[in-house]
Amino acid sequence: MSEPLFLTPVLHEKMWGGVALREDFGYDIPSETTGEAWVVSGHPHGVTAVVGGQFAGQTLAEVWTKQPQLFENHDTTRQYPLLVKILDAHQDLSVQVHPDDTYANAHQPGELGKTESWYILDAKPDAKIYFGHNAMTHAAFDEMIDQQAWGELLRTVPVKPGAFFYVPAGTLHALGAGVLALETQQSSDLTYRVYDFDRVDHETGQKRALHLADAKAVTRVPFEPEQPEPSTINFGNAEKTTLVEAPYFNVYRVTVTGPAYFTKQAPYTQVTVVDGSGVLTVDGHDYDVQKGQSFILPANVEEWAFDGQLTMISSTPGFLSR
């Protein structure tokens, strides 16, 4: 029988986190400074487990390895390639940059590089993100960092709910305070911190470590934003907006306002319900779905249907993740 793989989130406390993951999504957060919910993950730093169905209790990493046909996975030695998070930036995140696969493999073998994307779920009226920089040469970039000329170096962009940003490896970036975002990314936890607003970790009493040499080596200079133009199609009671189709992942916003039917377009599809509730039908079986739930429609699900009032962010592997 074909069936969706429902997943339970893994919650991470962060010094910049808050309580929005509980208030907005109903997650049982561990503290008042919970910053991340890893909702689809095979990464060892936070592996999601399957809830219900024939694989109940197994982790996504185990299903990926033991049931490769469910993902059209032809290489069981590699880890599940994608990671989906929901982030609550109660405070500014550190300004950081991620390496590409080549640099990551050379400096931390076995770890992927990290290209990511943000869909802004909510944002305070004055919220912003840090996105890119103003240096035109590597020498100028290094000098601004050495002089801590952050106001001159960093680009900021105001954000509103519904905005989307594609963040390739090598992009200097950070979510600003008051932003709630869904992040679709390569399955990597490799981060080079550039600036942390001189904060002190309350547990250690020390500033968090910076990784300036690596950051200088991997940051793209000059900054050239890659902002794909969204496109929308309507069919029946569904609207599907393509947010990005990129080498590592494809991301879509799907809105359903009644019975809507879908067919398989990729080896597997990841889905997070970000608003509303309804019913998912797969292979003649109905599953109640609501805001905060995440699931995977594996390769043996050829078609499915939704009914209800739902907004979802879905993603599929790009050609470099297959």
# chains A, B, ... in the order shown; residues from 1 in each chain; ligands from 1
$ residues_around --residues "A:Val19" --least-positions-apart "3" --cutoff "7 Å" --atoms "only C-alpha atoms" --output "count of residues only"
5
$ residues_around --residues "A:Thr48" --least-positions-apart "3" --cutoff "7 Å" --atoms "only C-alpha atoms" --output "PyMOL selection string"
chain A and resi 7-10+39-42+59-60
$ residues_around --residues "A:Leu320" --least-positions-apart "6" --cutoff "10 Å" --atoms "only C-alpha atoms" --output "ChimeraX atom specification"
/A:81,246-249
$ write_last_selection --atoms "N, CA and C atoms" --output "PDB file, in the first residue's frame"
ATOM      1  N   PRO A  81      19.063  13.993   1.205  1.00  0.00           N
ATOM      2  CA  PRO A  81      19.751  15.198   0.717  1.00  0.00           C
ATOM      3  C   PRO A  81      19.151  16.536   1.113  1.00  0.00           C
ATOM      4  N   ALA A 246      15.739  24.965  -8.768  1.00  0.00           N
ATOM      5  CA  ALA A 246      17.186  25.173  -8.661  1.00  0.00           C
ATOM      6  C   ALA A 246      17.894  23.817  -8.637  1.00  0.00           C
ATOM      7  N   PRO A 247      19.216  23.813  -8.722  1.00  0.00           N
ATOM      8  CA  PRO A 247      19.936  22.538  -8.812  1.00  0.00           C
ATOM      9  C   PRO A 247      19.689  21.573  -7.653  1.00  0.00           C
ATOM     10  N   TYR A 248      19.537  22.085  -6.417  1.00  0.00           N
ATOM     11  CA  TYR A 248      19.406  21.188  -5.261  1.00  0.00           C
ATOM     12  C   TYR A 248      17.964  20.928  -4.853  1.00  0.00           C
ATOM     13  N   PHE A 249      17.078  21.878  -5.093  1.00  0.00           N
ATOM     14  CA  PHE A 249      15.687  21.705  -4.680  1.00  0.00           C
ATOM     15  C   PHE A 249      14.784  22.620  -5.480  1.00  0.00           C
TER      16      PHE A 249
END
$ closest_residue --among "A:Thr316, A:Glu36, A:Leu297, A:Trp304" --to "A:Thr281" --atoms "only C-alpha atoms"
A:Trp304
$ closest_residue --among "A:Glu72, A:Asn105, A:Glu203, A:Glu239" --to "A:Ala266" --atoms "only C-alpha atoms"
A:Glu72
$ closest_atom_pairs --of "stretch 220-301 of chain A" --to "stretch 149-170 of chain A" --cutoff "8 Å" --atoms "only C-alpha atoms" --output "tab-separated table"
residue	atom	partner	partner_atom	distance
A:Arg220	CA	A:Gly170	CA	5.1
A:Glu226	CA	A:Tyr166	CA	6.5
A:Gln227	CA	A:Tyr166	CA	6.1
A:Pro228	CA	A:Tyr166	CA	7.5
A:Leu243	CA	A:Phe164	CA	7.0
A:Val244	CA	A:Tyr166	CA	7.4
$ write_last_selection --atoms "N, CA, C and O atoms" --output "short mmCIF file (atom, residue, chain, number, x, y, z; two decimals), in the first residue's frame"
data_model
loop_
_atom_site.label_atom_id
_atom_site.label_comp_id
_atom_site.auth_asym_id
_atom_site.auth_seq_id
_atom_site.Cartn_x
_atom_site.Cartn_y
_atom_site.Cartn_z
N ARG A 220 30.77 34.92 -1.86
CA ARG A 220 30.80 35.40 -3.24
C ARG A 220 30.96 36.92 -3.26
O ARG A 220 30.23 37.65 -2.59
N GLU A 226 20.35 36.16 -6.65
CA GLU A 226 19.66 35.28 -7.58
C GLU A 226 18.22 35.17 -7.09
O GLU A 226 17.90 34.33 -6.25
N GLN A 227 17.38 36.05 -7.58
CA GLN A 227 15.99 36.05 -7.15
C GLN A 227 15.09 35.60 -8.29
O GLN A 227 14.81 36.36 -9.23
N PRO A 228 14.65 34.34 -8.24
CA PRO A 228 13.78 33.83 -9.31
C PRO A 228 12.44 34.54 -9.32
O PRO A 228 11.93 34.98 -8.28
N LEU A 243 8.18 28.90 -6.61
CA LEU A 243 9.03 29.90 -5.97
C LEU A 243 10.46 29.82 -6.48
O LEU A 243 11.11 30.85 -6.67
N VAL A 244 10.96 28.62 -6.65
CA VAL A 244 12.29 28.44 -7.26
C VAL A 244 12.38 27.01 -7.79
O VAL A 244 11.83 26.07 -7.20
#
$ select_by_dssp --residues "stretch 49-167 of chain A" --states "strand (DSSP E or B)" --output "PyMOL selection string"
chain A and resi 49-51+59+82-89+95-97+116-123+128-133+154-158+164-167
$ write_last_selection --atoms "C-alpha atoms" --output "PDB file, in the first residue's frame"
ATOM      1  CA  ALA A  49      10.901  10.087  12.882  1.00  0.00           C
ATOM      2  CA  VAL A  50       7.930   8.616  11.025  1.00  0.00           C
ATOM      3  CA  VAL A  51       4.584   8.755  12.845  1.00  0.00           C
ATOM      4  CA  THR A  59      13.702   7.634  11.351  1.00  0.00           C
ATOM      5  CA  LEU A  82      17.235  17.832   1.865  1.00  0.00           C
ATOM      6  CA  LEU A  83      16.256  19.503   5.132  1.00  0.00           C
ATOM      7  CA  VAL A  84      13.198  21.616   5.951  1.00  0.00           C
ATOM      8  CA  LYS A  85      13.065  23.853   9.028  1.00  0.00           C
ATOM      9  CA  ILE A  86      10.787  26.443  10.560  1.00  0.00           C
ATOM     10  CA  LEU A  87      12.776  29.222  12.253  1.00  0.00           C
ATOM     11  CA  ASP A  88      11.605  31.695  14.889  1.00  0.00           C
ATOM     12  CA  ALA A  89      13.977  34.675  14.858  1.00  0.00           C
ATOM     13  CA  VAL A  95      25.360  36.966  10.061  1.00  0.00           C
ATOM     14  CA  GLN A  96      26.789  33.888   8.389  1.00  0.00           C
ATOM     15  CA  VAL A  97      27.724  32.198   5.149  1.00  0.00           C
ATOM     16  CA  GLU A 116      19.035  27.277   1.170  1.00  0.00           C
ATOM     17  CA  SER A 117      15.869  29.307   0.718  1.00  0.00           C
ATOM     18  CA  TRP A 118      13.444  31.210   2.944  1.00  0.00           C
ATOM     19  CA  TYR A 119       9.683  31.536   2.686  1.00  0.00           C
ATOM     20  CA  ILE A 120       8.602  34.285   5.082  1.00  0.00           C
ATOM     21  CA  LEU A 121       5.658  32.986   7.124  1.00  0.00           C
ATOM     22  CA  ASP A 122       5.294  36.030   9.358  1.00  0.00           C
ATOM     23  CA  ALA A 123       7.159  39.258  10.025  1.00  0.00           C
ATOM     24  CA  LYS A 128      14.251  42.817   7.896  1.00  0.00           C
ATOM     25  CA  ILE A 129      16.788  40.279   6.769  1.00  0.00           C
ATOM     26  CA  TYR A 130      20.501  40.608   6.140  1.00  0.00           C
ATOM     27  CA  PHE A 131      21.020  39.528   2.550  1.00  0.00           C
ATOM     28  CA  GLY A 132      24.326  40.006   0.743  1.00  0.00           C
ATOM     29  CA  HIS A 133      26.957  42.708   1.109  1.00  0.00           C
ATOM     30  CA  LEU A 154      25.884  44.456   5.216  1.00  0.00           C
ATOM     31  CA  ARG A 155      22.847  44.810   2.976  1.00  0.00           C
ATOM     32  CA  THR A 156      19.422  44.719   4.623  1.00  0.00           C
ATOM     33  CA  VAL A 157      16.065  44.055   2.993  1.00  0.00           C
ATOM     34  CA  PRO A 158      12.645  44.699   4.578  1.00  0.00           C
ATOM     35  CA  PHE A 164      10.653  34.307  -0.786  1.00  0.00           C
ATOM     36  CA  PHE A 165      14.446  34.414  -0.949  1.00  0.00           C
ATOM     37  CA  TYR A 166      16.825  32.024  -2.652  1.00  0.00           C
ATOM     38  CA  VAL A 167      20.145  31.859  -0.762  1.00  0.00           C
TER      39      VAL A 167
END
$ atom_distance --atom1 "atom CA of A:Tyr252" --atom2 "atom CA of A:Pro44"
26.1 Å
$ closest_residue --among "A:Gln206, A:Gln185, A:Ser31, A:Thr191" --to "A:Gly318" --atoms "only C-alpha atoms"
A:Gln185
$ residues_around --residues "stretch 283-285 of chain A" --least-positions-apart "6" --cutoff "10 Å" --atoms "only C-alpha atoms" --output "PyMOL selection string"
chain A and resi 1-4+301-305
$ write_last_selection --atoms "N, CA, C and O atoms" --output "short mmCIF file (atom, residue, chain, number, x, y, z; two decimals), in the first residue's frame"
data_model
loop_
_atom_site.label_atom_id
_atom_site.label_comp_id
_atom_site.auth_asym_id
_atom_site.auth_seq_id
_atom_site.Cartn_x
_atom_site.Cartn_y
_atom_site.Cartn_z
N MET A 1 0.84 -1.20 0.00
CA MET A 1 0.00 0.00 0.00
C MET A 1 0.87 1.25 0.00
O MET A 1 1.84 1.35 0.75
N SER A 2 0.53 2.19 -0.86
CA SER A 2 1.25 3.46 -0.85
C SER A 2 0.64 4.37 0.21
O SER A 2 -0.58 4.39 0.41
N GLU A 3 1.48 5.13 0.89
CA GLU A 3 1.02 5.99 1.98
C GLU A 3 2.00 7.13 2.20
O GLU A 3 3.19 7.02 1.88
N PRO A 4 1.51 8.26 2.75
CA PRO A 4 2.42 9.35 3.09
C PRO A 4 3.25 8.98 4.32
O PRO A 4 2.85 8.14 5.14
N VAL A 301 3.63 6.89 -4.47
CA VAL A 301 2.38 7.64 -4.49
C VAL A 301 2.29 8.36 -5.83
O VAL A 301 2.95 9.38 -6.06
N GLU A 302 1.51 7.81 -6.73
CA GLU A 302 1.42 8.35 -8.08
C GLU A 302 0.44 9.52 -8.18
O GLU A 302 0.57 10.39 -9.03
N GLU A 303 -0.57 9.54 -7.30
CA GLU A 303 -1.55 10.62 -7.29
C GLU A 303 -2.12 10.77 -5.89
O GLU A 303 -2.11 9.83 -5.09
N TRP A 304 -2.62 11.96 -5.60
CA TRP A 304 -3.19 12.24 -4.29
C TRP A 304 -4.17 13.40 -4.43
O TRP A 304 -4.22 14.07 -5.47
N ALA A 305 -4.95 13.61 -3.38
CA ALA A 305 -5.94 14.68 -3.39
C ALA A 305 -5.95 15.38 -2.03
O ALA A 305 -5.65 14.78 -1.00
#
$ residues_around --residues "A:Ile233" --least-positions-apart "3" --cutoff "10 Å" --atoms "only C-alpha atoms" --output "PDB file with C-alpha atoms, in the first residue's frame"
ATOM      1  CA  ALA A 238      -5.805  24.661  -6.312  1.00  0.00           C
ATOM      2  CA  GLU A 239      -3.197  27.316  -6.958  1.00  0.00           C
ATOM      3  CA  LYS A 240       0.464  26.365  -7.308  1.00  0.00           C
ATOM      4  CA  THR A 241       3.184  29.016  -7.289  1.00  0.00           C
ATOM      5  CA  THR A 242       6.693  28.031  -8.310  1.00  0.00           C
ATOM      6  CA  VAL A 254       0.273  25.327  -2.884  1.00  0.00           C
TER       7      VAL A 254
END
